[in-house]
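So the structure is just underneath, and the comments pick up after that.
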Amino acid sequence: MIVSKREHACLTVEHDGSTLVIDPGSFTAPFVVENLVAIVVTHEHADHVTPEHLDRLLAAAREADPHREVALLAPAGVAAAHPDRPWHVVDAGDRVTAGPFTLAFSGGRHALIHRTIPVIDNVGVFVNETLYYPGDSFAVPDGPVPVLAVPASAPWLKIGDVMDYVDAVRPARAFPTHERVNSEAGNSMANARIAHVTEQHGGTFVPLVAGESLELD
């Protein structure tokens, strides 16, 4: 299984000839993939999902194989925000199989941005019990986490919270996501803090940038 980082919060995962896309949002450059079987959207914010990305990915999948079914998996808030899509609504505790991917969902709510801003639905996703991505939250999944995609910068976090989160999860490997709003200097500082905590527990930090991949198993 191979995870590829795209800009900001978007990841693609390839396994046994199939591809999973997670959170194709507004800070991510247009792209298509081969053998798409599912798109997971953790929550409704535009930096995690746009109609343009969904249309492009689904059109490419249909062109390659008119009979291919692509699962669209998201919490209820996403389905309400984009009601013209055939969403499979998921919540914390759900498990779904899509092609060679077993997806376990956790969390349920977005991290607090400010008391005046309503808290929306958000799910974290654990892919094949190997890669965990929490979306915009610090939800800790059940069981050990071989690879953690760590939110590195956002209006809802500070780096001390990120460090506490990594300390709670104790992944064997970690890499940064959700960092597009940072400067180069800001990303260097965030990566150093995340690496420090990951390595304290014997883990390895991999400073992936958009376009780079990591072999997971």
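Going through the structure tokens in order, the chains are called A, B, and so on, while each chain numbers its residues from 1 and the ligands are numbered from 1 in the order shown.
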Residues flagged strand (DSSP E or B) by DSSP in stretch 118-193 of chain A, as JSON, numbers by chain: {"A": [121, 122, 123, 124, 125, 126, 127, 131, 132, 133, 147, 148, 149, 150, 151, 173, 174, 175, 176, 177]}
Any idea what's packed within 9 Å of A:Asp16, counting only C-alpha atoms, ignoring anything in its chain fewer than 5 positions away? Could you give it as a list of chain:residue names? A:Met1, A:Gly99, A:Pro100
Next, dump the selected residues to file, keeping only C-alpha atoms, as a PDB file, in the first residue's frame.
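Output saved as selection11.pdb:
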ATOM      1  CA  MET A   1       0.000   0.000   0.000  1.00  0.00           C
ATOM      2  CA  GLY A  99     -12.355  -2.565  -3.179  1.00  0.00           C
ATOM      3  CA  PRO A 100      -9.222  -3.635  -1.278  1.00  0.00           C
TER       4      PRO A 100
END
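Near A:Ala71, within 12 Å and counting only C-alpha atoms, sit Thr19, Leu20, Val21, Ile22, Leu36, Val37, Ala38, Ile39, Val40, Val41, Leu54, Leu57, Leu58, Ala61, Arg85, Pro86, Trp87, His88, Val89, Val90, Val96, Thr97, Ala98, Gly99, Phe101 and Leu103 of chain A; same-chain residues fewer than 5 positions away were not included.
Shortest atom-to-atom contact with A:Thr50 among A:Arg170, A:Arg68, A:His82, A:Arg62: A:His82, counting only C-alpha atoms.
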Can you pull out the residues contacting stretch 131-140 of chain A? Cut-off 6 Å, using only C-alpha atoms, and skip same-chain residues under 3 positions away; I want them as a PyMOL selection string. chain A and resi 42+107+110-111+124-127+147-149
From a backbone DSSP assignment, name each residue in stretch 3-215 of chain A labelled alpha helix (DSSP H), as a ChimeraX atom specification. /A:51-64,76-81,159-169,184-200
Compile the contact shell of stretch 174-178 of chain A as a ChimeraX atom specification: residues with an atom at most 6 Å away, counting only C-alpha atoms, same-chain residues fewer than 6 positions apart removed. /A:8-9,147-153,205-207
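The spacing separating atom CA of A:Arg56 from atom CA of A:Ala74 amounts to 18.0 Å.
Distance check against A:Met163 using only C-alpha atoms: of A:His43, A:Ile194, A:Ile2, A:Ser188, the minimum falls on A:Ile194.
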From the list A:Leu112, A:Ala29, A:Ala46, A:Leu216, the nearest residue to A:Leu157 using only C-alpha atoms is A:Leu112
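Taking only C-alpha atoms into account, A:Ala195 lies nearest to A:Val166 out of the set A:Val166, A:Thr28, A:Gly211, A:Arg180.
Checking A:Val3, A:Val32, A:Val123, A:Val197 one by one against A:Val78, counting only C-alpha atoms, you find the shortest gap at A:Val123.
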Find the residues near A:Gly108: any atom within 8 Å, counting only C-alpha atoms, skip ones fewer than 6 places away on the same chain, and give them as an NGL selection string. :A and (75 or 91-92 or 121-124)
Can I get the selected residues back with all heavy atoms, as a compact mmCIF listing (two decimals), in the first residue's frame?
# COMPACT_ATOMS: atom_id res chain seq x y z
N PRO A 75 -19.46 12.15 6.35
CA PRO A 75 -20.46 12.34 7.40
C PRO A 75 -21.68 13.10 6.88
O PRO A 75 -21.67 13.64 5.76
CB PRO A 75 -19.71 13.14 8.46
CG PRO A 75 -18.65 13.87 7.71
CD PRO A 75 -18.25 12.96 6.59
N ASP A 91 -20.34 7.53 10.14
CA ASP A 91 -20.15 8.18 11.43
C ASP A 91 -19.13 7.37 12.22
O ASP A 91 -18.72 6.27 11.80
CB ASP A 91 -21.47 8.28 12.19
CG ASP A 91 -21.46 9.38 13.25
OD1 ASP A 91 -20.37 9.92 13.53
OD2 ASP A 91 -22.53 9.68 13.79
N ALA A 92 -18.72 7.90 13.35
CA ALA A 92 -17.76 7.21 14.20
C ALA A 92 -18.26 5.81 14.54
O ALA A 92 -19.43 5.62 14.88
CB ALA A 92 -17.52 8.01 15.47
N ASP A 121 -19.82 18.29 11.58
CA ASP A 121 -19.43 16.88 11.52
C ASP A 121 -18.02 16.73 10.97
O ASP A 121 -17.60 17.47 10.07
CB ASP A 121 -20.38 16.11 10.60
CG ASP A 121 -21.79 16.02 11.12
OD1 ASP A 121 -21.98 16.11 12.34
OD2 ASP A 121 -22.72 15.84 10.31
N ASN A 122 -17.30 15.75 11.48
CA ASN A 122 -15.98 15.40 10.97
C ASN A 122 -15.69 13.95 11.37
O ASN A 122 -15.96 13.56 12.51
CB ASN A 122 -14.90 16.31 11.56
CG ASN A 122 -13.49 15.94 11.13
OD1 ASN A 122 -12.97 16.49 10.16
ND2 ASN A 122 -12.86 15.01 11.83
N VAL A 123 -15.18 13.18 10.44
CA VAL A 123 -14.76 11.82 10.78
C VAL A 123 -13.29 11.63 10.44
O VAL A 123 -12.79 12.16 9.44
CB VAL A 123 -15.59 10.74 10.04
CG1 VAL A 123 -17.02 10.72 10.55
CG2 VAL A 123 -15.55 10.91 8.53
N GLY A 124 -12.60 10.89 11.29
CA GLY A 124 -11.28 10.40 10.96
C GLY A 124 -11.42 9.06 10.26
O GLY A 124 -12.43 8.36 10.43
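Counting only C-alpha atoms and comparing A:Ala172, A:Ser4, A:Ala210, A:Trp156, the residue that lies closest to A:Arg115 is A:Trp156.
Going from atom CA of A:Arg95 to atom CA of A:Ala81 covers 22.7 Å.
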